[in-house]
$ cat target-v5.txt   # compact mmCIF, C-alpha atoms and all ligand atoms
# COMPACT_ATOMS: atom_id res chain seq x y z
CA MET A 1 0.00 0.00 0.00
CA PHE A 2 2.75 2.38 1.09
CA HIS A 3 4.68 1.40 -1.98
CA PHE A 4 1.78 2.13 -4.22
CA LYS A 5 1.33 5.56 -2.67
CA LYS A 6 4.98 6.43 -3.10
CA ARG A 7 4.78 5.39 -6.73
CA SER A 8 1.78 7.52 -7.42
CA LEU A 9 3.54 10.45 -5.80
CA ILE A 10 6.51 9.96 -8.08
CA GLY A 11 4.09 9.67 -10.95
CA ALA A 12 2.42 12.92 -10.00
CA ALA A 13 5.78 14.64 -9.72
CA LEU A 14 6.70 13.37 -13.15
CA VAL A 15 3.48 14.61 -14.69
CA LEU A 16 4.01 17.97 -13.02
CA SER A 17 7.54 18.29 -14.31
CA MET A 18 6.35 17.36 -17.78
CA LEU A 19 3.67 19.98 -17.59
CA GLY A 20 6.36 22.41 -16.49
CA THR A 21 8.36 21.61 -19.59
CA ALA A 22 5.31 21.99 -21.79
CA ALA A 23 4.66 25.41 -20.32
CA THR A 24 8.15 26.74 -21.04
CA ALA A 25 8.72 24.97 -24.36
CA ALA A 26 7.82 27.00 -27.40
CA ASP A 27 6.76 26.07 -30.90
CA TRP A 28 7.47 29.05 -33.06
CA ARG A 29 6.39 29.76 -36.62
CA GLY A 30 8.51 31.70 -39.06
CA TRP A 31 7.90 33.59 -42.31
CA ASN A 32 10.18 33.81 -45.32
CA ILE A 33 9.34 35.06 -48.79
CA HIS A 34 11.93 33.16 -50.79
CA VAL A 35 11.88 29.89 -52.72
CA GLU A 36 13.68 26.64 -51.95
CA GLY A 37 17.42 26.84 -52.43
CA TYR A 38 17.58 30.65 -52.03
CA PRO A 39 20.34 31.64 -49.56
CA ASN A 40 17.82 33.04 -47.05
CA THR A 41 15.66 29.91 -47.22
CA VAL A 42 18.62 27.64 -46.57
CA ALA A 43 19.86 29.92 -43.78
CA MET A 44 16.44 30.16 -42.09
CA ASP A 45 16.18 26.36 -42.11
CA LYS A 46 19.63 26.28 -40.54
CA PHE A 47 18.41 28.78 -37.93
CA ALA A 48 15.52 26.46 -37.06
CA GLU A 49 17.87 23.51 -36.74
CA LEU A 50 20.36 25.42 -34.57
CA LEU A 51 17.57 26.83 -32.45
CA SER A 52 16.36 23.45 -31.26
CA GLU A 53 19.94 22.19 -30.91
CA LYS A 54 21.06 25.11 -28.76
CA THR A 55 17.93 25.14 -26.62
CA ASN A 56 17.90 21.35 -26.18
CA GLY A 57 14.59 21.16 -27.97
CA GLU A 58 12.93 23.76 -25.70
CA ILE A 59 12.29 25.96 -28.72
CA THR A 60 11.32 24.63 -32.11
CA LEU A 61 10.67 26.68 -35.21
CA GLN A 62 8.59 25.69 -38.19
CA MET A 63 9.54 27.76 -41.21
CA PHE A 64 6.99 28.70 -43.88
CA HIS A 65 8.83 29.65 -47.05
CA GLY A 66 7.72 31.20 -50.33
CA GLY A 67 5.53 33.84 -48.64
CA THR A 68 2.81 31.22 -48.04
CA LEU A 69 1.75 33.01 -44.84
CA GLY A 70 1.13 36.30 -46.62
CA SER A 71 2.81 39.34 -48.11
CA GLN A 72 5.80 40.91 -46.40
CA PRO A 73 3.99 43.96 -44.97
CA ASP A 74 1.32 41.60 -43.54
CA ALA A 75 3.93 39.24 -42.11
CA ILE A 76 5.74 42.15 -40.44
CA GLU A 77 2.47 43.04 -38.72
CA GLN A 78 1.92 39.43 -37.71
CA VAL A 79 5.32 39.22 -36.07
CA ARG A 80 4.80 42.57 -34.34
CA LEU A 81 1.49 41.33 -32.95
CA GLY A 82 2.83 37.90 -32.01
CA ALA A 83 0.64 35.90 -34.41
CA LEU A 84 3.99 34.70 -35.79
CA GLU A 85 7.21 34.72 -33.80
CA ILE A 86 9.89 34.90 -36.49
CA GLY A 87 10.44 36.55 -39.88
CA ASN A 88 13.29 37.04 -42.32
CA PHE A 89 12.47 40.60 -43.28
CA ASN A 90 13.93 43.16 -45.60
CA LEU A 91 14.32 46.47 -43.78
CA GLY A 92 12.59 48.23 -46.69
CA PRO A 93 9.01 47.47 -45.63
CA ILE A 94 9.98 47.87 -41.94
CA GLY A 95 10.97 51.49 -42.60
CA PRO A 96 7.42 52.90 -42.55
CA ILE A 97 7.00 51.41 -39.05
CA ALA A 98 10.37 52.26 -37.49
CA ALA A 99 11.89 55.56 -38.63
CA GLU A 100 15.38 54.56 -37.49
CA ALA A 101 15.25 51.48 -39.72
CA ASN A 102 14.11 53.65 -42.61
CA VAL A 103 17.53 55.27 -42.80
CA VAL A 104 18.80 52.26 -44.79
CA SER A 105 16.20 53.04 -47.45
CA LEU A 106 17.74 56.37 -48.34
CA PRO A 107 19.09 55.77 -51.83
CA PHE A 108 22.89 55.59 -52.03
CA ILE A 109 23.34 55.92 -48.25
CA PHE A 110 25.75 52.97 -48.20
CA LYS A 111 28.87 52.99 -50.35
CA ASP A 112 28.81 49.22 -50.68
CA VAL A 113 27.82 46.10 -48.74
CA PRO A 114 30.92 46.05 -46.46
CA HIS A 115 30.13 49.68 -45.52
CA MET A 116 26.58 48.63 -44.64
CA PHE A 117 27.86 45.87 -42.36
CA ARG A 118 30.35 48.22 -40.69
CA VAL A 119 27.44 50.53 -39.87
CA LEU A 120 25.18 47.69 -38.70
CA ASN A 121 27.88 46.28 -36.45
CA GLY A 122 28.46 49.66 -34.81
CA GLU A 123 26.51 52.40 -33.08
CA GLY A 124 24.28 52.95 -36.14
CA GLY A 125 23.16 49.32 -36.04
CA ALA A 126 22.39 49.62 -32.34
CA MET A 127 20.19 52.68 -32.99
CA ILE A 128 18.36 50.90 -35.80
CA ALA A 129 17.86 47.78 -33.65
CA GLU A 130 16.54 49.87 -30.78
CA GLY A 131 14.06 51.65 -33.03
CA MET A 132 12.80 48.32 -34.34
CA ALA A 133 12.56 46.75 -30.87
CA ALA A 134 10.45 49.70 -29.72
CA LYS A 135 7.98 48.73 -32.47
CA GLY A 136 7.84 45.09 -31.41
CA LEU A 137 10.48 43.62 -33.73
CA VAL A 138 13.83 42.56 -32.30
CA PRO A 139 16.52 41.97 -34.94
CA LEU A 140 18.64 38.96 -33.92
CA ALA A 141 21.06 39.05 -36.85
CA TRP A 142 21.56 40.77 -40.20
CA TYR A 143 21.40 39.10 -43.61
CA ASP A 144 22.94 40.35 -46.86
CA ALA A 145 20.64 41.39 -49.71
CA GLY A 146 23.30 42.91 -51.96
CA ALA A 147 22.54 45.99 -54.03
CA ARG A 148 19.33 46.65 -55.94
CA SER A 149 19.42 47.88 -59.54
CA PHE A 150 16.79 48.80 -62.12
CA TYR A 151 15.51 46.46 -64.79
CA ASN A 152 12.92 46.79 -67.53
CA GLY A 153 11.87 45.28 -70.81
CA THR A 154 12.69 48.05 -73.25
CA LYS A 155 16.11 49.66 -72.88
CA PRO A 156 19.25 50.05 -70.80
CA ILE A 157 19.03 52.82 -68.19
CA ASN A 158 22.01 55.17 -68.11
CA THR A 159 20.58 58.47 -66.88
CA PRO A 160 17.55 59.62 -64.86
CA ASP A 161 16.07 60.65 -68.21
CA ASP A 162 15.85 56.99 -69.16
CA VAL A 163 13.59 56.38 -66.12
CA SER A 164 11.40 59.32 -67.03
CA GLY A 165 7.86 58.21 -67.84
CA MET A 166 8.50 54.61 -66.80
CA LYS A 167 6.16 52.84 -64.45
CA VAL A 168 8.40 51.15 -61.90
CA ARG A 169 7.37 48.69 -59.22
CA VAL A 170 8.75 49.42 -55.75
CA MET A 171 8.36 47.84 -52.32
CA ASN A 172 5.91 49.50 -49.92
CA ASN A 173 7.79 52.52 -48.66
CA ASP A 174 7.23 56.20 -49.49
CA LEU A 175 10.97 56.74 -49.81
CA TYR A 176 11.01 54.41 -52.81
CA SER A 177 8.02 56.10 -54.37
CA GLY A 178 9.78 59.43 -53.85
CA MET A 179 12.93 58.02 -55.39
CA ILE A 180 11.14 57.00 -58.61
CA SER A 181 9.19 60.26 -58.79
CA GLU A 182 12.38 62.31 -58.44
CA LEU A 183 13.78 60.40 -61.42
CA GLY A 184 10.68 61.33 -63.41
CA GLY A 185 9.10 57.88 -63.29
CA ASN A 186 5.78 56.63 -61.94
CA PRO A 187 6.18 54.52 -58.81
CA SER A 188 3.96 51.51 -58.35
CA PRO A 189 4.13 49.97 -54.85
CA MET A 190 3.23 46.31 -55.13
CA ALA A 191 3.69 42.98 -53.34
CA PHE A 192 6.66 40.90 -54.47
CA ALA A 193 4.44 38.02 -55.62
CA GLU A 194 2.60 40.22 -58.11
CA VAL A 195 5.60 41.65 -59.91
CA TYR A 196 6.21 38.88 -62.46
CA GLN A 197 2.70 39.04 -63.89
CA SER A 198 2.72 42.84 -63.83
CA LEU A 199 5.94 43.00 -65.80
CA LYS A 200 4.66 40.40 -68.21
CA THR A 201 1.36 42.11 -68.90
CA GLY A 202 2.79 45.62 -68.95
CA VAL A 203 1.07 46.82 -65.78
CA VAL A 204 4.56 48.07 -64.93
CA ASP A 205 7.52 48.70 -67.25
CA GLY A 206 10.22 47.84 -64.79
CA ALA A 207 11.25 47.06 -61.25
CA GLU A 208 14.40 46.93 -59.18
CA ASN A 209 16.08 44.20 -57.20
CA ASN A 210 19.31 42.33 -56.53
CA TRP A 211 20.66 39.61 -58.84
CA PRO A 212 19.38 36.60 -56.85
CA SER A 213 15.78 37.87 -56.66
CA TYR A 214 15.81 39.04 -60.29
CA GLU A 215 16.75 35.49 -61.17
CA SER A 216 14.73 33.42 -58.67
CA THR A 217 11.45 35.18 -59.53
CA GLY A 218 11.95 34.81 -63.28
CA HIS A 219 11.68 38.59 -63.71
CA TYR A 220 14.64 38.38 -66.07
CA GLU A 221 12.43 36.45 -68.50
CA VAL A 222 10.09 39.41 -68.90
CA ALA A 223 12.42 42.37 -68.25
CA GLY A 224 15.74 41.67 -69.92
CA TYR A 225 17.65 44.94 -69.41
CA TYR A 226 19.48 45.10 -66.09
CA SER A 227 21.20 48.43 -65.39
CA LEU A 228 23.70 48.53 -62.53
CA SER A 229 22.37 51.58 -60.67
CA GLN A 230 22.92 49.91 -57.26
CA HIS A 231 20.79 52.66 -55.76
CA LEU A 232 19.70 50.72 -52.68
CA ILE A 233 21.70 48.46 -50.39
CA ILE A 234 19.16 47.23 -47.87
CA PRO A 235 19.97 44.80 -45.09
CA GLU A 236 17.62 42.09 -43.93
CA CYS A 237 17.03 40.74 -40.45
CA VAL A 238 16.16 37.59 -38.65
CA CYS A 239 13.51 39.30 -36.57
CA ILE A 240 11.60 38.05 -33.54
CA ASN A 241 8.44 39.25 -31.81
CA ALA A 242 9.65 41.42 -28.92
CA ASP A 243 7.36 39.84 -26.29
CA ALA A 244 8.41 36.31 -27.22
CA TYR A 245 12.05 37.36 -26.96
CA ASN A 246 11.71 39.32 -23.74
CA ALA A 247 9.94 36.42 -22.04
CA LEU A 248 13.05 34.26 -22.41
CA SER A 249 15.71 33.73 -19.74
CA ASP A 250 19.10 35.32 -20.44
CA GLU A 251 20.48 31.89 -21.23
CA MET A 252 17.73 31.21 -23.77
CA LYS A 253 18.11 34.68 -25.30
CA ALA A 254 21.80 33.99 -25.82
CA ALA A 255 21.05 30.63 -27.46
CA VAL A 256 18.47 32.19 -29.81
CA LYS A 257 20.81 35.02 -30.74
CA GLU A 258 23.70 32.64 -31.32
CA ALA A 259 21.57 30.47 -33.62
CA ALA A 260 20.55 33.56 -35.62
CA MET A 261 24.14 34.83 -35.87
CA GLU A 262 25.38 31.47 -37.09
CA SER A 263 22.61 31.33 -39.67
CA ALA A 264 23.65 34.83 -40.79
CA ALA A 265 27.25 33.72 -41.32
CA LEU A 266 25.95 30.92 -43.53
CA GLN A 267 23.55 33.26 -45.37
CA GLN A 268 26.32 35.73 -46.17
CA GLU A 269 28.52 33.00 -47.54
CA LEU A 270 25.72 31.54 -49.67
CA TRP A 271 24.73 35.05 -50.77
CA ALA A 272 28.13 35.83 -52.25
CA ALA A 273 28.03 32.64 -54.31
CA ARG A 274 24.42 33.16 -55.41
CA GLU A 275 25.02 36.74 -56.56
CA SER A 276 27.55 35.51 -59.12
CA SER A 277 25.69 32.38 -60.12
CA SER A 278 22.41 34.28 -60.60
CA ARG A 279 24.11 36.92 -62.71
CA GLU A 280 25.83 34.31 -64.80
CA MET A 281 22.60 32.39 -65.26
CA VAL A 282 20.51 35.34 -66.43
CA GLU A 283 23.22 36.68 -68.72
CA LYS A 284 23.48 33.26 -70.33
CA ALA A 285 19.71 33.42 -70.82
CA GLY A 286 20.14 36.66 -72.78
CA VAL A 287 19.90 39.47 -70.21
CA VAL A 288 21.68 42.65 -71.30
CA THR A 289 23.59 44.19 -68.39
CA ASN A 290 24.95 47.71 -68.44
CA VAL A 291 27.23 49.57 -66.07
CA ILE A 292 26.18 53.17 -65.38
CA ASP A 293 29.31 55.24 -65.90
CA ASP A 294 28.10 58.27 -63.98
CA LYS A 295 25.77 57.69 -61.06
CA GLY A 296 26.11 61.36 -60.07
CA PRO A 297 22.86 62.53 -61.69
CA PHE A 298 20.94 59.74 -59.91
CA GLN A 299 22.49 60.70 -56.58
CA GLU A 300 21.84 64.41 -57.09
CA ALA A 301 18.20 63.69 -57.87
CA MET A 302 17.83 62.10 -54.43
CA VAL A 303 18.35 65.32 -52.45
CA PRO A 304 14.56 65.90 -51.98
CA VAL A 305 14.18 62.29 -50.77
CA TYR A 306 16.76 62.92 -48.03
CA GLU A 307 15.10 66.25 -47.23
CA ALA A 308 11.69 64.61 -46.86
CA TYR A 309 13.12 61.97 -44.52
CA LEU A 310 14.98 64.52 -42.41
CA SER A 311 12.12 66.95 -42.14
CA ALA A 312 9.82 64.13 -40.98
CA ASN A 313 12.53 62.87 -38.57
CA PRO A 314 14.72 65.81 -37.56
CA ASP A 315 16.06 63.85 -34.58
CA LEU A 316 17.52 61.25 -36.94
CA ARG A 317 19.92 63.64 -38.67
CA PRO A 318 22.78 62.42 -36.41
CA LEU A 319 22.11 58.84 -37.56
CA VAL A 320 22.29 59.87 -41.23
CA GLU A 321 25.50 61.80 -40.54
CA LEU A 322 26.96 58.93 -38.56
CA ILE A 323 26.43 56.59 -41.52
CA GLN A 324 27.86 59.09 -43.97
CA ALA A 325 30.90 59.58 -41.73
CA THR A 326 31.50 55.85 -41.28
CA GLU A 327 34.53 54.79 -43.31
C1 LIG B 1 14.02 40.82 -52.20
C2 LIG B 1 13.95 40.75 -50.70
C3 LIG B 1 12.52 40.49 -50.26
C4 LIG B 1 11.59 41.51 -50.85
C5 LIG B 1 11.78 41.58 -52.36
C6 LIG B 1 10.90 42.65 -52.98
O1 LIG B 1 14.79 39.73 -50.20
O2 LIG B 1 12.42 40.51 -48.85
O3 LIG B 1 10.26 41.20 -50.59
O4 LIG B 1 13.13 41.82 -52.68
O5 LIG B 1 11.35 43.34 -53.87
O6 LIG B 1 15.33 41.16 -52.59
O7 LIG B 1 9.73 42.76 -52.58

$ encode --input "target-v5.txt" --output "structure tokens"
Amino acid sequence: MFHFKKRSLIGAALVLSMLGTAATAADWRGWNIHVEGYPNTVAMDKFAELLSEKTNGEITLQMFHGGTLGSQPDAIEQVRLGALEIGNFNLGPIGPIAAEANVVSLPFIFKDVPHMFRVLNGEGGAMIAEGMAAKGLVPLAWYDAGARSFYNGTKPINTPDDVSGMKVRVMNNDLYSGMISELGGNPSPMAFAEVYQSLKTGVVDGAENNWPSYESTGHYEVAGYYSLSQHLIIPECVCINADAYNALSDEMKAAVKEAAMESAALQQELWAARESSSREMVEKAGVVTNVIDDKGPFQEAMVPVYEAYLSANPDLRPLVELIQATE
């Protein structure tokens, strides 16, 4: 009898400890817009794998790729609200929510990708991260998205005049609409998933993106002139819902961050390889690439875009200057 009682007590303790585990364990869901094999897709899967490894299975992450859980602006909202925990987001569509993060969407603000990473890994990155966290999105690590350039189906772009009158798809962000307007074009903000059909049917004349996305979406099939304007160098994040992150113990936070950082190292390595292989692939398929000898006129045309940003966010002038002063 005594024995039986003791056993049932042990049993109860076991059940309780299991319940305890269930209460702290988390099953997260993550959003990614890209297709299988894309550097970000591979790296986010790696993040999921590392996450459960480093947390001894306490946290698991199910990734939903290919934008199946919705458009990027919607997914950003879902992560902010906690309907999803994780997203691999481009900072472009985060800009309208967090003014600090919008600084990276000022055309030509970064000299090149290494400059962007120097900024992100310094005080500028900390300010951007803080601004995002205040809006419910904590960036755990930064991904590379290269430089974005213009493409269209009719002609090489060499001067702002060539953009004049063109209808150009941009991501959802007024800075990008301003950028196209200042070049004399007509901006058309649109979800990523709609761009292929819009280019094909002539709803828009052109768009802008990096080599890997130009290739992976098939946009090169319907817009065969790629002009190296490199007007935007926008980082991406592995972002987490702030409440989900803040609820973690310090130990767990460190494990989550470490998993994200390791996935970012992999992403950056895969990115470098994919940039060249995508370019090679599309050029073999007949894409005509042109270098823009003088980007000066494009840069000069952006002065009103900077002015609009600074007059809406006068307190962010030091951040802009900090980036410009970063070697
Ligand atoms: C790609 C970004 C992706 C954006 C897409 C776009 O990786 O996050 O949604 O561009 O243009 O380069 O919408």

$ atom_distance --input "target-v5.txt" --atom1 "atom CA of Cys239 of chain A" --atom2 "atom CA of Pro212 of chain A"
21.3 Å

$ residues_near_ligand --input "target-v5.txt" --ligand "ligand LIG 1 (chain B)" --cutoff "7 Å" --atoms "all atoms listed in the file" --output "ChimeraX atom specification"
/A:33,72,89-90,145,170-171,191-192,209-210,213

$ atom_distance --input "target-v5.txt" --atom1 "atom CA of Ala129 of chain A" --atom2 "atom CA of Glu182 of chain A"
29.3 Å

$ residues_around --input "target-v5.txt" --residues "segment 152-161 of chain A" --least-positions-apart "2" --cutoff "7 Å" --atoms "only C-alpha atoms" --output "short mmCIF file (atom, residue, chain, number, x, y, z; two decimals) with C-alpha atoms, in the frame of the given file"
data_model
loop_
_atom_site.label_atom_id
_atom_site.label_comp_id
_atom_site.auth_asym_id
_atom_site.auth_seq_id
_atom_site.Cartn_x
_atom_site.Cartn_y
_atom_site.Cartn_z
CA PHE A 150 16.79 48.80 -62.12
CA VAL A 163 13.59 56.38 -66.12
CA SER A 164 11.40 59.32 -67.03
CA LEU A 183 13.78 60.40 -61.42
CA ASP A 205 7.52 48.70 -67.25
CA GLY A 206 10.22 47.84 -64.79
CA ALA A 207 11.25 47.06 -61.25
CA VAL A 222 10.09 39.41 -68.90
CA ALA A 223 12.42 42.37 -68.25
CA GLY A 224 15.74 41.67 -69.92
CA TYR A 225 17.65 44.94 -69.41
CA TYR A 226 19.48 45.10 -66.09
CA SER A 227 21.20 48.43 -65.39
CA ASN A 290 24.95 47.71 -68.44
CA ILE A 292 26.18 53.17 -65.38
CA PRO A 297 22.86 62.53 -61.69
CA PHE A 298 20.94 59.74 -59.91
#

$ residues_around --input "target-v5.txt" --residues "Ser263 of chain A" --least-positions-apart "4" --cutoff "12 Å" --atoms "all atoms listed in the file" --output "ChimeraX atom specification"
/A:39-51,88,140-144,237-238,256-259,267-271

$ residues_around --input "target-v5.txt" --residues "Glu123 of chain A" --least-positions-apart "2" --cutoff "12 Å" --atoms "only C-alpha atoms" --output "MDAnalysis selection string"
chainID A and resid 117:121 125:130 318:320 322:323 326

$ atom_distance --input "target-v5.txt" --atom1 "atom CA of Thr68 of chain A" --atom2 "atom CA of Trp31 of chain A"
8.0 Å

$ build_atoms --input "target-v5.txt" --residues "segment 69-82 of chain A" --atoms "N, CA and C atoms" --output "PDB file, keeping the file's coordinate frame"
ATOM      1  N   LEU A  69       2.560  32.448 -45.936  1.00  0.00           N
ATOM      2  CA  LEU A  69       1.750  33.010 -44.840  1.00  0.00           C
ATOM      3  C   LEU A  69       1.353  34.460 -45.091  1.00  0.00           C
ATOM      4  N   GLY A  70       1.577  34.939 -46.313  1.00  0.00           N
ATOM      5  CA  GLY A  70       1.130  36.300 -46.620  1.00  0.00           C
ATOM      6  C   GLY A  70       2.243  37.181 -47.163  1.00  0.00           C
ATOM      7  N   SER A  71       1.848  38.388 -47.548  1.00  0.00           N
ATOM      8  CA  SER A  71       2.810  39.340 -48.110  1.00  0.00           C
ATOM      9  C   SER A  71       3.744  39.827 -47.010  1.00  0.00           C
ATOM     10  N   GLN A  72       4.832  40.475 -47.411  1.00  0.00           N
ATOM     11  CA  GLN A  72       5.800  40.910 -46.400  1.00  0.00           C
ATOM     12  C   GLN A  72       5.227  41.966 -45.429  1.00  0.00           C
ATOM     13  N   PRO A  73       4.548  43.004 -45.927  1.00  0.00           N
ATOM     14  CA  PRO A  73       3.990  43.960 -44.970  1.00  0.00           C
ATOM     15  C   PRO A  73       3.019  43.287 -43.975  1.00  0.00           C
ATOM     16  N   ASP A  74       2.235  42.316 -44.446  1.00  0.00           N
ATOM     17  CA  ASP A  74       1.320  41.600 -43.540  1.00  0.00           C
ATOM     18  C   ASP A  74       2.094  40.776 -42.518  1.00  0.00           C
ATOM     19  N   ALA A  75       3.147  40.100 -43.001  1.00  0.00           N
ATOM     20  CA  ALA A  75       3.930  39.240 -42.110  1.00  0.00           C
ATOM     21  C   ALA A  75       4.637  40.067 -41.039  1.00  0.00           C
ATOM     22  N   ILE A  76       5.091  41.260 -41.420  1.00  0.00           N
ATOM     23  CA  ILE A  76       5.740  42.150 -40.440  1.00  0.00           C
ATOM     24  C   ILE A  76       4.735  42.475 -39.322  1.00  0.00           C
ATOM     25  N   GLU A  77       3.512  42.773 -39.717  1.00  0.00           N
ATOM     26  CA  GLU A  77       2.470  43.040 -38.720  1.00  0.00           C
ATOM     27  C   GLU A  77       2.205  41.822 -37.840  1.00  0.00           C
ATOM     28  N   GLN A  78       2.180  40.648 -38.474  1.00  0.00           N
ATOM     29  CA  GLN A  78       1.920  39.430 -37.710  1.00  0.00           C
ATOM     30  C   GLN A  78       2.996  39.167 -36.677  1.00  0.00           C
ATOM     31  N   VAL A  79       4.245  39.425 -37.046  1.00  0.00           N
ATOM     32  CA  VAL A  79       5.320  39.220 -36.070  1.00  0.00           C
ATOM     33  C   VAL A  79       5.255  40.293 -34.986  1.00  0.00           C
ATOM     34  N   ARG A  80       4.926  41.512 -35.363  1.00  0.00           N
ATOM     35  CA  ARG A  80       4.800  42.570 -34.340  1.00  0.00           C
ATOM     36  C   ARG A  80       3.719  42.226 -33.319  1.00  0.00           C
ATOM     37  N   LEU A  81       2.612  41.637 -33.831  1.00  0.00           N
ATOM     38  CA  LEU A  81       1.490  41.330 -32.950  1.00  0.00           C
ATOM     39  C   LEU A  81       1.656  40.005 -32.221  1.00  0.00           C
ATOM     40  N   GLY A  82       2.610  39.180 -32.668  1.00  0.00           N
ATOM     41  CA  GLY A  82       2.830  37.900 -32.010  1.00  0.00           C
ATOM     42  C   GLY A  82       2.018  36.757 -32.606  1.00  0.00           C
TER      43      GLY A  82
END
